[in-house]
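Here the structure comes first, spelled out in structure tokens, and everything after it is commentary.
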Amino acid sequence: MELNNSQYTSGKLQKILRYFAIDNDEFQFQALSAGYINDTFLVSNVGGPLYILQRINHLVFKNTDVLMANMSKALNRLISEDYMAIHLIPTREGDNFTKGIEGYWRLMSYIPHSTTFNNSTQNQVAFEAGRVIGKFHLLLQNQDLAEYRDIITNFHDLAHREKEFKEALSMAKQSKSESAEKAIDFANRTLTKLNEINTNQLPFRICHNDTKLNNILFSTSTGKALCLIDLDTIMKGYFFYDFGDAVRTIANTAPEDEQDHGKIIFDKNLFSAFVNGLASNGSFLSQEELRSLPLGAVFMPFIHGLRALTDYLNDNRYYKVTYENQNLDRCLSLFDFAQKAQNNMPFMEKVIQDSFSN
Ligand code: GN1
Ligand code: MG
């Protein structure tokens, strides 16, 4: 397989693999380009895929020790009959990552016969996504929160993201603040509304914090969800973070940077299937948490849209972009879905109450 859009040659990657406690082999590499932050490669030999090799973006994840400690602690728990375990392959020195050439690298087991979906119109996929996210939370619900440190502080904190946005706005080129005028107006209006969100009654849980649909692995043979991947942001949070991130990519089948907003919809059937999947895990959420979920489905697309807008104003420093205005397109599409989710709040309330009371 060929490497695409990557600065890493097979030779370089082959060298990095020598740090890990695996047999020497003739490996092939395929760049997996879905993420915005890390660099990810599928490692295969003649027999087929074996590992996932990943360069951890050290500018985003500044404390690799904390990141990997959180991740391995969670992975030790994320094992069950209906939840597929992922293993970290140790280095020859017995560590769970290496500071090799060109940064920090980790190696993970590849789960055979698995796939991901960027979006899907199938109720079964939405249901399974809900089921496995609920299972993830059940498996981690007795973890000691104090044992997990924040890998990115204030990651989903709206006041913090508002401050970053206002700073970026004050520094932005005039041409940028003009082209983003509509988005800036929407941001200011919605910030006022969402700042009223009351989290006093909500417990912290160990969350995944990036539960978009393509971070869920599905079996190609049974269609069942296997497990969550991309475990960089495992740390404490509110359940509505994981709920909202899932809804924005499950009830909406358009890509994150969709420019034709006519294609962005809040799909009621997919939403209901997702909530039914979650509720198939039993009643693991408090009444206060259940009540927070509809607004969570507005909050998460909004906060991601705000971060994309901030990055657009900052000239694309944070996210990888494939074209200049991609962050603005992402922002506008995320804001559009946030608005559509808001229009569906009474519907969401009803579905959540019905599903969780059965
Ligand atoms: C980033 O790189 P990726 O796709 O796993 C971001 C998430 C966003 C996501 C897409 C650490 O994740 O918060 O949901 O892009 N992760 C970080 O919007 O910022
Ligand atoms: Mg991620």
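Ligands are numbered from 1 in the order shown, chains are lettered A, B, ... in the order of the structure tokens, and residues start at 1 in each chain.
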For region 210-212 of chain A, list every protein, DNA or RNA residue within 9 Å, evaluated using only C-alpha atoms, and leave out those in the same chain fewer than 5 positions away; present the list as a list in words.
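Returned residues: Asn118, Ile133, Leu228, Ile229, Asp230, Leu231, Asp232, Thr233, Ile234, Tyr241, Asp242, Phe243, Gly244, Asp245, Ala246, Val247, Arg248, Thr249 and Ile250 of chain A.
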Residues of region 193-290 of chain A in alpha helix (DSSP H) according to DSSP, as a PyMOL selection string?
chain A and resi 193-194+239-250+268-279+287-290
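Remark: for Gln54 (chain A), the closest of the candidate residues A:Asn38, A:Asn200, A:Asn276, A:Asn76 is A:Asn38 (distances computed over only C-alpha atoms).
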List all protein, DNA and RNA residues that have any atom at most 10 Å from ligand 1, counting only C-alpha atoms and all ligand atoms, and write the list as a ChimeraX atom specification.
/A:33-39,57,60-61,151-152,155-156,209-212,214-215,229-233,245-246,248-249,256-257,300-301,303-305,307-308,318-320,327,330-331,334
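Distance-wise, CA of Leu270 (chain A) and CA of Leu306 (chain A) end up 25.1 Å apart.
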Test item: residues at most 6 Å from Leu42 (chain A), only C-alpha atoms, excluding those fewer than 4 positions along its chain, as a list in words:
Phe29, Gln30 and Ile52 of chain A
Need the shell around Gly47 (chain A): protein/DNA/RNA residues with any atom at most 12 Å away, counting only C-alpha atoms. Skip same-chain ones fewer than 5 positions apart. Format as JSON, numbers by chain?
{"A": [25, 26, 27, 28, 112]}
Write the residues of the preceding selection, restricted to N, CA, C and O atoms, as a CSV table (one decimal), in the first residue's frame.
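The resulting file, result11.csv, is shown below:
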```
chain,number,residue,atom,x,y,z
A,25,ASP,N,10.0,-7.4,10.6
A,25,ASP,CA,9.2,-7.9,9.5
A,25,ASP,C,9.3,-6.9,8.4
A,25,ASP,O,9.7,-5.8,8.6
A,26,GLU,N,8.8,-7.3,7.2
A,26,GLU,CA,8.7,-6.3,6.1
A,26,GLU,C,7.3,-5.7,6.2
A,26,GLU,O,6.3,-6.3,5.9
A,27,PHE,N,7.3,-4.5,6.8
A,27,PHE,CA,5.9,-3.9,7.0
A,27,PHE,C,5.6,-2.9,5.8
A,27,PHE,O,6.4,-2.3,5.2
A,28,GLN,N,4.3,-2.8,5.7
A,28,GLN,CA,3.8,-1.8,4.7
A,28,GLN,C,2.9,-0.8,5.5
A,28,GLN,O,2.3,-1.2,6.6
A,112,PRO,N,-9.1,-6.9,13.7
A,112,PRO,CA,-9.4,-7.3,12.4
A,112,PRO,C,-10.9,-7.3,12.1
A,112,PRO,O,-11.7,-7.2,13.0
```
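Within 7 Å of region 281-286 of chain A there are A:Arg131, A:Gly134, A:Lys135, A:Leu278, A:Ala279, A:Glu288, A:Glu289, A:Leu290, A:Phe356, counting only C-alpha atoms and ignoring same-chain residues fewer than 2 positions away.
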Counting only C-alpha atoms, which of A:Tyr238, A:Phe299, A:Phe97, A:Phe266 gets nearest to Leu194 (chain A)?
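The answer is A:Phe299, which sits nearest to Leu194 (chain A).
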